[in-house]
>>> print(open('input15.cif').read())   # mmCIF, C-alpha atoms
data_upload
#
loop_
_atom_site.label_atom_id
_atom_site.label_comp_id
_atom_site.auth_asym_id
_atom_site.auth_seq_id
_atom_site.Cartn_x
_atom_site.Cartn_y
_atom_site.Cartn_z
CA MET A 1 -9.41 -63.00 24.43
CA GLN A 2 -13.11 -63.52 23.80
CA ASP A 3 -14.60 -66.76 22.63
CA GLU A 4 -15.93 -67.53 19.22
CA PRO A 5 -17.94 -67.26 16.97
CA THR A 6 -16.56 -63.80 16.23
CA PRO A 7 -18.73 -60.66 16.11
CA ILE A 8 -18.47 -60.79 12.32
CA GLU A 9 -19.87 -64.32 12.22
CA LEU A 10 -22.61 -63.50 14.73
CA THR A 11 -23.76 -60.34 12.97
CA LYS A 12 -23.75 -62.08 9.64
CA SER A 13 -25.91 -64.91 10.99
CA VAL A 14 -28.57 -62.40 12.14
CA ALA A 15 -28.49 -60.59 8.79
CA ASP A 16 -28.86 -63.87 6.91
CA PHE A 17 -31.78 -64.96 9.12
CA LEU A 18 -33.62 -61.67 8.52
CA ARG A 19 -32.86 -61.74 4.81
CA ASN A 20 -33.80 -65.37 4.15
CA ASP A 21 -36.47 -66.19 6.71
CA ILE A 22 -38.21 -62.96 7.66
CA THR A 23 -38.18 -60.93 4.43
CA PRO A 24 -40.71 -63.22 2.67
CA LEU A 25 -43.16 -62.75 5.56
CA ILE A 26 -43.25 -58.94 5.64
CA SER A 27 -44.66 -56.28 3.32
CA GLY A 28 -45.25 -52.54 3.04
CA HIS A 29 -43.47 -50.02 5.22
CA GLN A 30 -42.25 -52.73 7.60
CA ALA A 31 -40.56 -54.47 4.66
CA PHE A 32 -38.78 -51.21 3.84
CA LYS A 33 -37.64 -50.88 7.46
CA LEU A 34 -36.48 -54.49 7.45
CA ARG A 35 -34.38 -53.83 4.35
CA VAL A 36 -32.76 -50.87 6.11
CA ALA A 37 -32.08 -53.08 9.14
CA ILE A 38 -30.41 -55.73 6.99
CA ASN A 39 -28.36 -53.03 5.25
CA ILE A 40 -27.16 -51.84 8.65
CA LEU A 41 -26.09 -55.33 9.71
CA ASP A 42 -24.29 -55.82 6.39
CA LEU A 43 -22.50 -52.50 6.90
CA VAL A 44 -21.46 -53.50 10.41
CA THR A 45 -20.17 -56.83 9.10
CA ARG A 46 -18.11 -55.05 6.43
CA GLN A 47 -16.73 -52.60 8.99
CA LEU A 48 -15.78 -55.36 11.45
CA THR A 49 -14.06 -57.19 8.61
CA ARG A 50 -12.08 -54.27 7.20
CA GLU A 51 -11.65 -51.61 9.87
CA GLU A 52 -8.55 -52.94 11.59
CA GLY A 53 -6.55 -53.17 8.38
CA SER A 54 -7.76 -49.90 6.85
CA ASP A 55 -7.22 -47.93 10.09
CA ALA A 56 -3.66 -49.24 10.40
CA ALA A 57 -2.86 -48.24 6.82
CA GLU A 58 -4.51 -44.83 7.36
CA VAL A 59 -2.46 -44.18 10.51
CA GLU A 60 0.69 -45.16 8.64
CA ARG A 61 -0.04 -42.64 5.87
CA LEU A 62 -1.06 -39.91 8.33
CA ARG A 63 2.16 -40.32 10.32
CA ALA A 64 4.20 -39.88 7.16
CA LEU A 65 2.13 -36.86 6.04
CA LEU A 66 2.11 -35.07 9.38
CA GLY A 67 5.37 -36.23 10.91
CA ALA A 68 3.46 -36.90 14.13
CA ASP A 69 1.99 -39.82 16.02
CA GLY A 70 -1.42 -40.42 17.55
CA SER A 71 -4.67 -42.36 17.23
CA VAL A 72 -6.51 -42.42 13.93
CA THR A 73 -8.99 -39.86 15.31
CA GLU A 74 -6.28 -37.52 16.62
CA LEU A 75 -4.34 -37.69 13.38
CA ASN A 76 -7.46 -36.97 11.31
CA ARG A 77 -8.21 -33.98 13.49
CA ALA A 78 -4.65 -32.75 13.01
CA LEU A 79 -4.84 -33.17 9.23
CA ALA A 80 -8.20 -31.39 9.10
CA GLU A 81 -6.71 -28.45 11.02
CA ARG A 82 -3.68 -28.22 8.76
CA ILE A 83 -5.83 -28.21 5.64
CA ALA A 84 -8.08 -25.53 7.19
CA LYS A 85 -5.04 -23.37 7.91
CA GLY A 86 -3.71 -23.87 4.39
CA GLU A 87 -0.52 -25.56 5.64
CA VAL A 88 -1.33 -28.68 3.64
CA ASP A 89 -3.04 -28.73 0.26
CA LEU A 90 -3.32 -30.78 -2.93
CA SER A 91 0.22 -29.77 -3.92
CA THR A 92 1.53 -31.47 -0.74
CA PRO A 93 3.11 -34.78 -1.83
CA GLY A 94 0.98 -37.69 -0.71
CA LEU A 95 -2.15 -35.75 0.32
CA ALA A 96 -4.32 -36.58 -2.69
CA GLU A 97 -3.23 -40.24 -2.58
CA HIS A 98 -3.99 -40.39 1.14
CA LEU A 99 -7.46 -38.85 0.79
CA TRP A 100 -8.29 -41.15 -2.10
CA ALA A 101 -7.15 -44.28 -0.24
CA THR A 102 -9.02 -43.28 2.91
CA THR A 103 -12.20 -42.43 1.03
CA MET A 104 -12.12 -45.67 -0.96
CA ASP A 105 -11.79 -47.60 2.31
CA LYS A 106 -14.85 -45.77 3.69
CA LEU A 107 -16.97 -46.46 0.63
CA ALA A 108 -15.99 -50.13 0.75
CA VAL A 109 -17.81 -50.20 4.10
CA ASP A 110 -20.54 -47.56 3.71
CA GLN A 111 -21.75 -47.99 0.16
CA PRO A 112 -19.87 -50.47 -2.06
CA ASN A 113 -22.59 -50.14 -4.72
CA TYR A 114 -22.21 -46.38 -5.10
CA ALA A 115 -21.59 -45.72 -8.79
CA SER A 116 -18.69 -43.28 -8.26
CA TYR A 117 -16.97 -45.85 -6.05
CA LYS A 118 -17.39 -48.64 -8.57
CA ARG A 119 -15.99 -46.39 -11.29
CA GLU A 120 -12.93 -45.49 -9.20
CA LEU A 121 -12.43 -49.10 -8.20
CA GLY A 122 -12.21 -49.89 -11.90
CA ARG A 123 -9.25 -47.52 -12.08
CA GLY A 124 -7.34 -49.81 -9.78
CA GLY A 125 -8.65 -48.91 -6.30
CA MET B 1 -60.57 -36.50 11.07
CA ILE B 2 -59.07 -34.12 8.55
CA GLU B 3 -61.77 -34.81 5.91
CA ALA B 4 -64.36 -32.94 7.98
CA GLU B 5 -62.25 -29.75 8.10
CA LEU B 6 -61.29 -30.11 4.43
CA SER B 7 -64.95 -30.57 3.42
CA ARG B 8 -66.00 -27.44 5.30
CA SER B 9 -63.09 -25.55 3.75
CA VAL B 10 -63.67 -26.52 0.09
CA ARG B 11 -67.38 -25.72 0.31
CA ARG B 12 -66.42 -22.14 1.19
CA TRP B 13 -64.08 -21.40 -1.74
CA CYS B 14 -64.68 -24.02 -4.45
CA LYS B 15 -67.95 -23.28 -6.22
CA GLY B 16 -70.17 -26.35 -6.44
CA ALA B 17 -67.94 -28.51 -4.22
CA THR B 18 -69.87 -30.69 -1.82
CA GLY B 19 -67.07 -32.26 0.21
CA VAL B 20 -63.87 -34.29 -0.03
CA THR B 21 -62.94 -37.98 -0.16
CA GLY B 22 -59.83 -40.14 0.02
CA ALA B 23 -57.66 -37.94 2.24
CA ALA B 24 -54.28 -39.65 2.78
CA LYS B 25 -51.07 -38.34 4.26
CA LEU B 26 -48.23 -38.56 1.73
CA SER B 27 -45.36 -37.36 3.87
CA GLY B 28 -44.86 -35.52 7.05
CA GLY B 29 -42.25 -34.45 9.49
CA ALA B 30 -43.16 -32.92 12.81
CA SER B 31 -43.77 -29.47 11.42
CA GLN B 32 -44.94 -29.97 7.85
CA GLU B 33 -47.36 -32.40 6.21
CA THR B 34 -48.51 -33.17 2.69
CA TRP B 35 -51.95 -34.73 2.10
CA ARG B 36 -53.72 -35.83 -1.06
CA PHE B 37 -57.50 -35.79 -1.41
CA ASP B 38 -60.28 -35.43 -3.98
CA ILE B 39 -62.80 -32.62 -4.00
CA THR B 40 -66.29 -33.94 -4.75
CA HIS B 41 -67.79 -31.79 -7.48
CA PRO B 42 -70.79 -32.20 -9.82
CA ASP B 43 -68.46 -31.80 -12.84
CA GLY B 44 -66.22 -34.62 -11.60
CA ALA B 45 -63.71 -35.12 -8.80
CA ILE B 46 -60.88 -32.58 -8.55
CA GLY B 47 -57.50 -33.95 -7.43
CA ALA B 48 -55.93 -31.76 -4.74
CA ILE B 49 -52.93 -31.55 -2.42
CA LEU B 50 -52.76 -29.92 1.00
CA ARG B 51 -49.41 -28.62 2.28
CA ARG B 52 -49.65 -27.45 5.84
CA SER B 53 -48.04 -26.91 9.19
CA PRO B 54 -50.48 -28.31 11.74
CA LYS B 55 -51.72 -25.96 14.44
CA GLY B 56 -48.98 -25.07 16.88
CA TYR B 57 -46.23 -25.45 14.27
CA GLY B 58 -46.26 -21.97 12.77
CA ALA B 59 -42.59 -21.10 12.85
CA ALA B 60 -40.58 -22.23 9.85
CA PRO B 61 -36.94 -23.31 10.23
CA THR B 62 -34.54 -20.45 9.53
CA ARG B 63 -33.64 -21.49 6.00
CA ALA B 64 -37.22 -22.12 4.92
CA ALA B 65 -39.21 -19.53 3.02
CA GLY B 66 -42.44 -20.50 4.79
CA LEU B 67 -45.62 -21.98 3.36
CA ALA B 68 -47.22 -18.64 2.54
CA ALA B 69 -44.21 -17.68 0.42
CA GLU B 70 -44.23 -21.13 -1.19
CA ALA B 71 -47.85 -20.70 -2.23
CA GLN B 72 -47.13 -17.29 -3.70
CA LEU B 73 -44.11 -18.57 -5.63
CA MET B 74 -45.97 -21.57 -7.07
CA GLN B 75 -48.79 -19.34 -8.18
CA LEU B 76 -46.37 -16.86 -9.80
CA ALA B 77 -44.61 -19.76 -11.53
CA PHE B 78 -47.94 -21.12 -12.74
CA GLU B 79 -48.92 -17.74 -14.17
CA ALA B 80 -45.55 -17.46 -15.93
CA SER B 81 -45.99 -20.93 -17.51
CA VAL B 82 -43.23 -22.50 -15.41
CA PRO B 83 -44.60 -26.03 -14.83
CA SER B 84 -46.28 -25.71 -11.47
CA PRO B 85 -49.54 -26.69 -9.80
CA ARG B 86 -52.21 -24.02 -9.57
CA VAL B 87 -52.70 -22.83 -6.01
CA MET B 88 -56.41 -23.17 -5.23
CA HIS B 89 -56.60 -21.79 -1.71
CA VAL B 90 -54.37 -20.34 0.98
CA LEU B 91 -55.52 -21.54 4.41
CA VAL B 92 -57.25 -19.04 6.65
CA PRO B 93 -57.96 -19.42 10.39
CA GLU B 94 -61.63 -20.41 9.71
CA ASP B 95 -60.36 -23.53 7.90
CA ASP B 96 -59.06 -24.84 11.24
CA LEU B 97 -56.33 -26.71 9.35
CA GLY B 98 -53.23 -24.83 10.51
CA THR B 99 -51.21 -22.75 8.05
CA GLY B 100 -50.49 -23.68 4.46
CA PHE B 101 -52.28 -24.00 1.15
CA ILE B 102 -54.25 -26.29 -1.15
CA MET B 103 -53.14 -26.84 -4.72
CA GLN B 104 -54.18 -28.75 -7.80
CA ARG B 105 -52.80 -32.31 -7.87
CA ILE B 106 -50.64 -33.09 -10.86
CA GLU B 107 -50.31 -36.75 -11.78
CA GLY B 108 -46.87 -38.11 -12.55
CA GLU B 109 -43.76 -39.59 -10.97
CA THR B 110 -41.33 -38.01 -8.52
CA ILE B 111 -39.28 -41.09 -7.59
CA ALA B 112 -35.94 -40.48 -9.29
CA ARG B 113 -34.97 -44.11 -9.82
CA LYS B 114 -38.25 -44.90 -11.57
CA ILE B 115 -37.91 -41.87 -13.82
CA LEU B 116 -34.39 -42.96 -14.72
CA ARG B 117 -35.20 -46.62 -15.34
CA ASP B 118 -38.87 -47.23 -16.21
CA ASP B 119 -39.86 -47.59 -19.86
CA GLU B 120 -42.70 -45.13 -19.40
CA TYR B 121 -40.20 -42.25 -19.27
CA LYS B 122 -37.80 -43.58 -21.90
CA ALA B 123 -38.93 -41.22 -24.63
CA ALA B 124 -38.90 -38.20 -22.31
CA ARG B 125 -35.45 -38.80 -20.74
CA PRO B 126 -33.23 -37.54 -23.59
CA HIS B 127 -35.13 -34.23 -23.60
CA LEU B 128 -35.22 -33.56 -19.88
CA ALA B 129 -31.84 -31.81 -19.47
CA ARG B 130 -32.68 -29.25 -22.10
CA GLN B 131 -36.23 -28.84 -20.83
CA ILE B 132 -34.92 -28.28 -17.31
CA GLY B 133 -32.65 -25.54 -18.68
CA GLY B 134 -35.67 -23.78 -20.13
CA ILE B 135 -37.67 -24.18 -16.91
CA LEU B 136 -34.85 -22.73 -14.80
CA ALA B 137 -34.54 -19.80 -17.18
CA GLY B 138 -38.26 -19.13 -16.77
CA LEU B 139 -38.00 -19.44 -13.01
CA HIS B 140 -35.06 -17.01 -12.83
CA ARG B 141 -37.10 -14.54 -14.83
CA LEU B 142 -40.05 -14.35 -12.44
CA PRO B 143 -40.70 -10.66 -11.79
CA LYS B 144 -38.77 -9.59 -8.70
CA ASP B 145 -41.31 -6.96 -7.70
CA LYS B 146 -43.97 -9.65 -7.29
CA LEU B 147 -41.90 -12.05 -5.18
CA PRO B 148 -42.70 -12.56 -1.51
CA GLU B 149 -40.13 -11.53 1.05
CA LEU B 150 -37.22 -13.98 0.84
CA ARG B 151 -33.82 -14.30 2.47
CA SER B 152 -30.92 -13.20 0.31
CA ARG B 153 -27.86 -15.44 0.04
CA GLY B 154 -24.68 -15.07 -1.97
CA ALA B 155 -21.74 -17.42 -2.35
CA SER B 156 -19.63 -15.94 0.48
CA GLN B 157 -22.48 -16.13 2.99
CA GLU B 158 -23.24 -19.70 2.00
CA ILE B 159 -19.60 -20.77 2.48
CA ALA B 160 -19.57 -19.16 5.94
CA GLU B 161 -22.86 -20.78 6.86
CA PHE B 162 -21.83 -24.28 5.77
CA GLU B 163 -18.50 -23.92 7.51
CA ARG B 164 -20.34 -23.05 10.72
CA ASP B 165 -22.71 -26.01 10.30
CA TYR B 166 -19.78 -28.34 9.64
CA ARG B 167 -17.73 -27.09 12.61
CA SER B 168 -20.74 -27.45 14.92
CA LEU B 169 -20.81 -31.18 14.11
CA ASN B 170 -17.31 -31.59 15.58
CA TRP B 171 -16.69 -34.18 12.89
CA PRO B 172 -13.19 -33.71 11.50
CA LYS B 173 -13.25 -34.59 7.82
CA PRO B 174 -10.14 -33.73 5.81
CA VAL B 175 -12.04 -33.96 2.49
CA PHE B 176 -14.65 -31.46 3.70
CA GLU B 177 -11.85 -29.13 4.86
CA LEU B 178 -10.31 -29.38 1.42
CA ALA B 179 -13.67 -28.54 -0.18
CA LEU B 180 -14.21 -25.55 2.14
CA ARG B 181 -10.75 -24.32 1.28
CA TRP B 182 -11.43 -24.74 -2.45
CA LEU B 183 -14.73 -22.90 -2.12
CA ARG B 184 -13.09 -19.97 -0.33
CA ASP B 185 -10.33 -19.85 -2.97
CA HIS B 186 -12.86 -19.96 -5.82
CA ASP B 187 -15.55 -17.76 -4.27
CA PRO B 188 -16.91 -15.95 -7.34
CA GLY B 189 -18.20 -13.07 -5.20
CA PRO B 190 -21.56 -11.41 -5.69
CA SER B 191 -23.26 -12.35 -8.95
CA THR B 192 -23.81 -9.60 -11.52
CA GLU B 193 -27.50 -10.38 -11.31
CA THR B 194 -29.62 -11.42 -8.34
CA THR B 195 -32.72 -13.48 -9.10
CA LEU B 196 -35.13 -15.84 -7.47
CA VAL B 197 -33.31 -19.13 -6.75
CA HIS B 198 -35.45 -22.24 -6.24
CA GLY B 199 -32.86 -23.71 -3.85
CA ASP B 200 -33.77 -27.39 -4.17
CA PHE B 201 -34.32 -27.91 -7.89
CA ARG B 202 -33.30 -31.52 -8.55
CA ASN B 203 -34.38 -34.95 -9.68
CA GLY B 204 -36.76 -36.02 -6.91
CA ASN B 205 -38.46 -32.64 -6.60
CA LEU B 206 -39.94 -32.69 -10.11
CA ILE B 207 -43.17 -34.35 -11.22
CA ILE B 208 -42.36 -36.06 -14.49
CA GLY B 209 -44.61 -37.82 -16.96
CA ALA B 210 -44.13 -39.47 -20.34
CA ASP B 211 -44.28 -35.95 -21.83
CA GLY B 212 -41.53 -34.48 -19.61
CA VAL B 213 -41.52 -32.20 -16.57
CA ARG B 214 -45.06 -31.42 -15.39
CA ALA B 215 -44.36 -29.54 -12.16
CA VAL B 216 -41.60 -28.12 -9.99
CA LEU B 217 -42.17 -28.88 -6.31
CA ASP B 218 -40.62 -28.08 -2.91
CA TRP B 219 -40.06 -24.36 -3.01
CA GLU B 220 -39.30 -24.18 0.69
CA LEU B 221 -35.62 -23.27 0.21
CA ALA B 222 -36.37 -20.50 -2.29
CA HIS B 223 -34.30 -17.35 -1.82
CA LEU B 224 -32.71 -14.48 -3.70
CA GLY B 225 -29.23 -15.10 -5.00
CA ASP B 226 -27.02 -16.26 -7.86
CA PRO B 227 -29.16 -17.98 -10.52
CA MET B 228 -26.21 -20.29 -11.31
CA GLU B 229 -26.81 -21.94 -7.92
CA ASP B 230 -29.82 -23.83 -9.30
CA LEU B 231 -27.83 -25.02 -12.33
CA GLY B 232 -25.04 -26.32 -10.10
CA TRP B 233 -27.38 -28.05 -7.61
CA VAL B 234 -29.27 -29.96 -10.31
CA CYS B 235 -25.87 -31.42 -11.40
CA VAL B 236 -24.75 -32.67 -7.95
CA ASN B 237 -23.88 -36.35 -8.29
CA SER B 238 -26.16 -37.35 -5.40
CA TRP B 239 -29.14 -36.48 -7.66
CA ARG B 240 -27.93 -38.60 -10.60
CA PHE B 241 -28.97 -41.79 -8.81
CA GLY B 242 -26.27 -43.93 -10.35
CA GLU B 243 -26.30 -42.39 -13.85
CA ILE B 244 -23.03 -40.65 -13.11
CA ASP B 245 -22.13 -39.79 -16.71
CA LYS B 246 -25.30 -37.74 -17.12
CA PRO B 247 -24.70 -34.78 -14.83
CA VAL B 248 -28.15 -33.21 -15.10
CA GLY B 249 -30.16 -35.37 -12.72
CA GLY B 250 -29.01 -38.54 -14.47
CA PHE B 251 -30.93 -37.36 -17.56
CA GLY B 252 -28.42 -35.62 -19.79
CA THR B 253 -25.48 -33.33 -20.36
CA ARG B 254 -24.54 -29.91 -19.07
CA GLU B 255 -24.39 -28.78 -22.71
CA ASP B 256 -28.09 -29.60 -23.13
CA LEU B 257 -28.95 -27.89 -19.84
CA PHE B 258 -27.02 -24.77 -20.82
CA ALA B 259 -28.50 -24.76 -24.35
CA GLY B 260 -32.04 -24.94 -22.94
CA TYR B 261 -31.22 -22.11 -20.53
CA GLU B 262 -29.66 -19.87 -23.17
CA ALA B 263 -32.32 -20.59 -25.80
CA VAL B 264 -34.62 -18.18 -23.98
CA GLY B 265 -32.07 -15.40 -23.82
CA ARG B 266 -30.41 -16.03 -20.47
CA LYS B 267 -26.66 -16.47 -20.01
CA VAL B 268 -24.81 -19.34 -18.31
CA ASP B 269 -21.55 -18.85 -16.41
CA PRO B 270 -20.04 -22.39 -16.40
CA ALA B 271 -17.35 -21.53 -13.79
CA ARG B 272 -20.06 -20.39 -11.37
CA VAL B 273 -22.10 -23.49 -12.11
CA LYS B 274 -19.07 -25.65 -11.20
CA PHE B 275 -18.58 -23.63 -8.00
CA TRP B 276 -22.19 -24.29 -6.98
CA GLU B 277 -21.89 -27.98 -7.87
CA VAL B 278 -18.95 -28.31 -5.47
CA MET B 279 -20.86 -26.28 -2.89
CA GLY B 280 -23.94 -28.45 -3.40
CA THR B 281 -21.99 -31.66 -2.98
CA LEU B 282 -20.53 -30.40 0.29
CA ARG B 283 -23.96 -29.10 1.33
CA TRP B 284 -25.51 -32.57 1.02
CA GLY B 285 -22.53 -34.09 2.85
CA ILE B 286 -22.96 -31.70 5.77
CA MET B 287 -26.70 -32.40 5.77
CA CYS B 288 -25.87 -36.12 6.13
CA GLY B 289 -23.82 -35.13 9.19
CA GLY B 290 -26.81 -33.23 10.51
CA MET B 291 -28.91 -36.38 10.14
CA MET B 292 -26.33 -38.29 12.16
CA GLN B 293 -26.50 -35.65 14.86
CA ARG B 294 -30.31 -35.73 14.97
CA PHE B 295 -30.23 -39.51 15.17
CA ARG B 296 -27.81 -39.35 18.08
CA GLU B 297 -29.30 -36.50 20.07
CA GLY B 298 -32.74 -35.80 18.77
CA PRO B 299 -36.16 -37.34 18.79
CA ASP B 300 -35.67 -39.18 15.48
CA HIS B 301 -33.81 -42.31 16.50
CA SER B 302 -34.71 -44.15 13.30
CA MET B 303 -32.50 -46.56 11.40
CA GLU B 304 -33.09 -44.59 8.19
CA ARG B 305 -31.69 -41.44 9.71
CA ALA B 306 -28.71 -43.33 11.08
CA MET B 307 -27.94 -44.72 7.64
CA ILE B 308 -28.13 -41.30 5.99
CA GLY B 309 -25.28 -40.31 8.31
CA ARG B 310 -23.25 -43.04 6.64
CA ARG B 311 -23.86 -41.48 3.22
CA ALA B 312 -21.53 -38.55 3.88
CA SER B 313 -18.70 -40.61 2.41
CA GLU B 314 -20.54 -40.63 -0.93
CA THR B 315 -20.12 -36.87 -1.07
CA GLU B 316 -16.46 -37.23 -0.09
CA ILE B 317 -15.69 -39.40 -3.10
CA ASP B 318 -17.69 -37.03 -5.31
CA LEU B 319 -15.77 -34.04 -3.94
CA LEU B 320 -12.49 -35.82 -4.68
CA ARG B 321 -13.70 -36.60 -8.20
CA LEU B 322 -14.39 -32.89 -8.66
CA LEU B 323 -11.33 -31.43 -6.93
CA ALA B 324 -8.60 -34.06 -7.23
CA PRO B 325 -9.61 -36.25 -10.19
CA ARG B 326 -7.40 -39.22 -10.95
CA GLY B 327 -6.26 -39.98 -14.51
CA SER B 328 -8.90 -41.56 -16.71
#
>>> encode(input="input15.cif", output="C-alpha cells")
Amino acid sequence: MQDEPTPIELTKSVADFLRNDITPLISGHQAFKLRVAINILDLVTRQLTREEGSDAAEVERLRALLGADGSVTELNRALAERIAKGEVDLSTPGLAEHLWATTMDKLAVDQPNYASYKRELGRGG
Amino acid sequence: MIEAELSRSVRRWCKGATGVTGAAKLSGGASQETWRFDITHPDGAIGAILRRSPKGYGAAPTRAAGLAAEAQLMQLAFEASVPSPRVMHVLVPEDDLGTGFIMQRIEGETIARKILRDDEYKAARPHLARQIGGILAGLHRLPKDKLPELRSRGASQEIAEFERDYRSLNWPKPVFELALRWLRDHDPGPSTETTLVHGDFRNGNLIIGADGVRAVLDWELAHLGDPMEDLGWVCVNSWRFGEIDKPVGGFGTREDLFAGYEAVGRKVDPARVKFWEVMGTLRWGIMCGGMMQRFREGPDHSMERAMIGRRASETEIDLLRLLAPRGS
C-alpha cells in the first residue's frame, strides 16, 4: 500500500496551482496550451476518481452479456468481435443498455460538458 | 523571408503591384501552409491568401485532391457564383514558393463558436441552414466536364475504407462495431447520380459574415460521389458545437437545408442523408483514433493531439443517439 496523499489529491493540487496561480501570468498561444494542460489534469483526476467503479460495473455487465470471464479489455475485445460477426446486435437483451452505460461512464471522464452527454444525463443517466 | 518571394511573384502577374506587406502564417502542418498578406497596389492594398506546400512537400496524402485541383475547384465555384474566393495565381516554379496558389482574401469569421454565439451573426443565423442548402445545390451542379481529376468514392468503398482504418488502430470499440454493422446493413449502394462532393463542408470551413456565408473553404477532400454525402456531413453533431437541436451546423433544421437545396431544382434523399450522417459521425470518431495514434507513435507529441484522442467518446454517444435512441 502506497502512502498518501493519493494520486487524485496530488494531481488535483497541480491542476489547481496552474489554474489559480499561473493562468493570470500567461497569454497568447501559451495560455491556450496551459488551458489544454489543465484540462488534461482534470481529466486524469476524473478518471482516477471513477475508473475503478465504472470498470467493475462494466465487467459485470460484459460477463452477463457474453457468458465469459476476463479483464475489461479482453471482454471488450470479445464483445467487439461478436458484434462484428453479427452474433450480438441491438435486439440482444441488455446490449443497448450496456453500451449506453459504458458510454455515459466514458463521457463523465472525457467530456462532461459535451451537450449530448448533458442531455442524456437529464434523462436519468 | 517569404515576403521577398511573394513580392517578386505578385509583380509578375498582378498589374501595377509593387510588392507585399504583412505576411503572416495562419496555419500550417508539415506539408501544407496558409499565409495571409497584402499586395501593395496604387489603387489600394489587395488582401490575399497563399495556400502552399513548401518545397520538398509535393506529394499530397492519398485522400487529398491536391492544391492544383483545389485551385481549379475554387475558381470553378467562383465562376458559378458559389461563394468562393477568386483564385488570383497558381504558383509556378519561378515563384520559388513551392506548389499551391494565391487567392483573394475574404473577410469574415470561420470560428464556429463565435458564429453560433456572437451578436454580429445573430441576424444571419436563422437563414444559414437554407442558404447552405442552396450553396450545396450549386456546388453539386458544377459542370463535370470541367472538374479536375478527382478520386471517386461511393458508400460501399467508404465503409470498407473506414473499417480498414478502424481495424488498423487495434482499438476495440463495441459502439464503432455497431455503427460499421449498421452502415453495411443500410448501404444505399451507388447513387443514381454522381457529382462533385466537397467532402468537408461544415461549420468551421465556411467564412461567414453578418450577411451570411461568404466563402466555402478547404476543398482538399473533394471527390466524385453521392451528393447526399455533403448534406449528411454538415449535420454531424460534432459540427453543431453544442447547439445539438439545430442539426445543420448548429444553425438550423434539416427541413430548411433540404428546402434550400430543392429550391434550385435538386432532389434530396433523406434516407441517404441519414446514412452519411452516421458515416460522418463514425468518420470523425476514427479520425480521433488516428490522432491518438499519431500522438503515440508520430512526431506530433502535443497535448492537443492527445486530447483529441479522448474525443472519440463524443462520437460514440452521438452514434448511440442515432442508432439506439432512448425514449424522450
>>> closest_residue(input="input15.cif", among="A:Leu41, A:Val88, A:Ala115, A:Leu34", to="Val14 in chain A", atoms="only C-alpha atoms")
A:Leu41
>>> interface_residues(input="input15.cif", of="chain B", to="chain A", cutoff="6 Å", atoms="all atoms listed in the file", output="ChimeraX atom specification")
/B:172,174,177,242
>>> residues_around(input="input15.cif", residues="range 61-78 of chain B", least_positions_apart="3", cutoff="7 Å", atoms="all atoms listed in the file", output="list in words")
Ser81, Val82, Pro83, Ser84, Pro85, Arg86, Val87, Gly100, Phe101, Leu139, Leu147, Pro148, Leu150, Trp219, Glu220, Leu221 and Ala222 of chain B
>>> write_last_selection(input="input15.cif", atoms="C-alpha atoms", output="PDB file, in the frame of the given file")
ATOM      1  CA  SER B  81     -45.990 -20.930 -17.510  1.00  0.00           C
ATOM      2  CA  VAL B  82     -43.230 -22.500 -15.410  1.00  0.00           C
ATOM      3  CA  PRO B  83     -44.600 -26.030 -14.830  1.00  0.00           C
ATOM      4  CA  SER B  84     -46.280 -25.710 -11.470  1.00  0.00           C
ATOM      5  CA  PRO B  85     -49.540 -26.690  -9.800  1.00  0.00           C
ATOM      6  CA  ARG B  86     -52.210 -24.020  -9.570  1.00  0.00           C
ATOM      7  CA  VAL B  87     -52.700 -22.830  -6.010  1.00  0.00           C
ATOM      8  CA  GLY B 100     -50.490 -23.680   4.460  1.00  0.00           C
ATOM      9  CA  PHE B 101     -52.280 -24.000   1.150  1.00  0.00           C
ATOM     10  CA  LEU B 139     -38.000 -19.440 -13.010  1.00  0.00           C
ATOM     11  CA  LEU B 147     -41.900 -12.050  -5.180  1.00  0.00           C
ATOM     12  CA  PRO B 148     -42.700 -12.560  -1.510  1.00  0.00           C
ATOM     13  CA  LEU B 150     -37.220 -13.980   0.840  1.00  0.00           C
ATOM     14  CA  TRP B 219     -40.060 -24.360  -3.010  1.00  0.00           C
ATOM     15  CA  GLU B 220     -39.300 -24.180   0.690  1.00  0.00           C
ATOM     16  CA  LEU B 221     -35.620 -23.270   0.210  1.00  0.00           C
ATOM     17  CA  ALA B 222     -36.370 -20.500  -2.290  1.00  0.00           C
TER      18      ALA B 222
END
>>> closest_residue(input="input15.cif", among="B:Arg36, B:His140, B:Lys246, B:Lys267", to="Phe201 in chain B", atoms="all atoms listed in the file")
B:His140
>>> atom_distance(input="input15.cif", atom1="CA of Leu217 in chain B", atom2="CA of Glu149 in chain B")
19.0 Å
>>> resolve_selection(input="input15.cif", expression="the PyMOL selection byres ((chain B and resi 207-215) around 8)", output="number ranges by chain")
B: 82-85, 106-110, 115, 120-125, 127-128, 131-132, 204-206, 216-217
>>> write_last_selection(input="input15.cif", atoms="C-alpha atoms", output="CSV table (one decimal), in the frame of the given file")
chain,number,residue,atom,x,y,z
B,82,VAL,CA,-43.2,-22.5,-15.4
B,83,PRO,CA,-44.6,-26.0,-14.8
B,84,SER,CA,-46.3,-25.7,-11.5
B,85,PRO,CA,-49.5,-26.7,-9.8
B,106,ILE,CA,-50.6,-33.1,-10.9
B,107,GLU,CA,-50.3,-36.8,-11.8
B,108,GLY,CA,-46.9,-38.1,-12.6
B,109,GLU,CA,-43.8,-39.6,-11.0
B,110,THR,CA,-41.3,-38.0,-8.5
B,115,ILE,CA,-37.9,-41.9,-13.8
B,120,GLU,CA,-42.7,-45.1,-19.4
B,121,TYR,CA,-40.2,-42.2,-19.3
B,122,LYS,CA,-37.8,-43.6,-21.9
B,123,ALA,CA,-38.9,-41.2,-24.6
B,124,ALA,CA,-38.9,-38.2,-22.3
B,125,ARG,CA,-35.4,-38.8,-20.7
B,127,HIS,CA,-35.1,-34.2,-23.6
B,128,LEU,CA,-35.2,-33.6,-19.9
B,131,GLN,CA,-36.2,-28.8,-20.8
B,132,ILE,CA,-34.9,-28.3,-17.3
B,204,GLY,CA,-36.8,-36.0,-6.9
B,205,ASN,CA,-38.5,-32.6,-6.6
B,206,LEU,CA,-39.9,-32.7,-10.1
B,216,VAL,CA,-41.6,-28.1,-10.0
B,217,LEU,CA,-42.2,-28.9,-6.3
>>> residues_around(input="input15.cif", residues="range 183-188 of chain B", least_positions_apart="2", cutoff="7 Å", atoms="only C-alpha atoms", output="VMD selection string")
chain B and resid 155 to 156 179 to 181 190 272
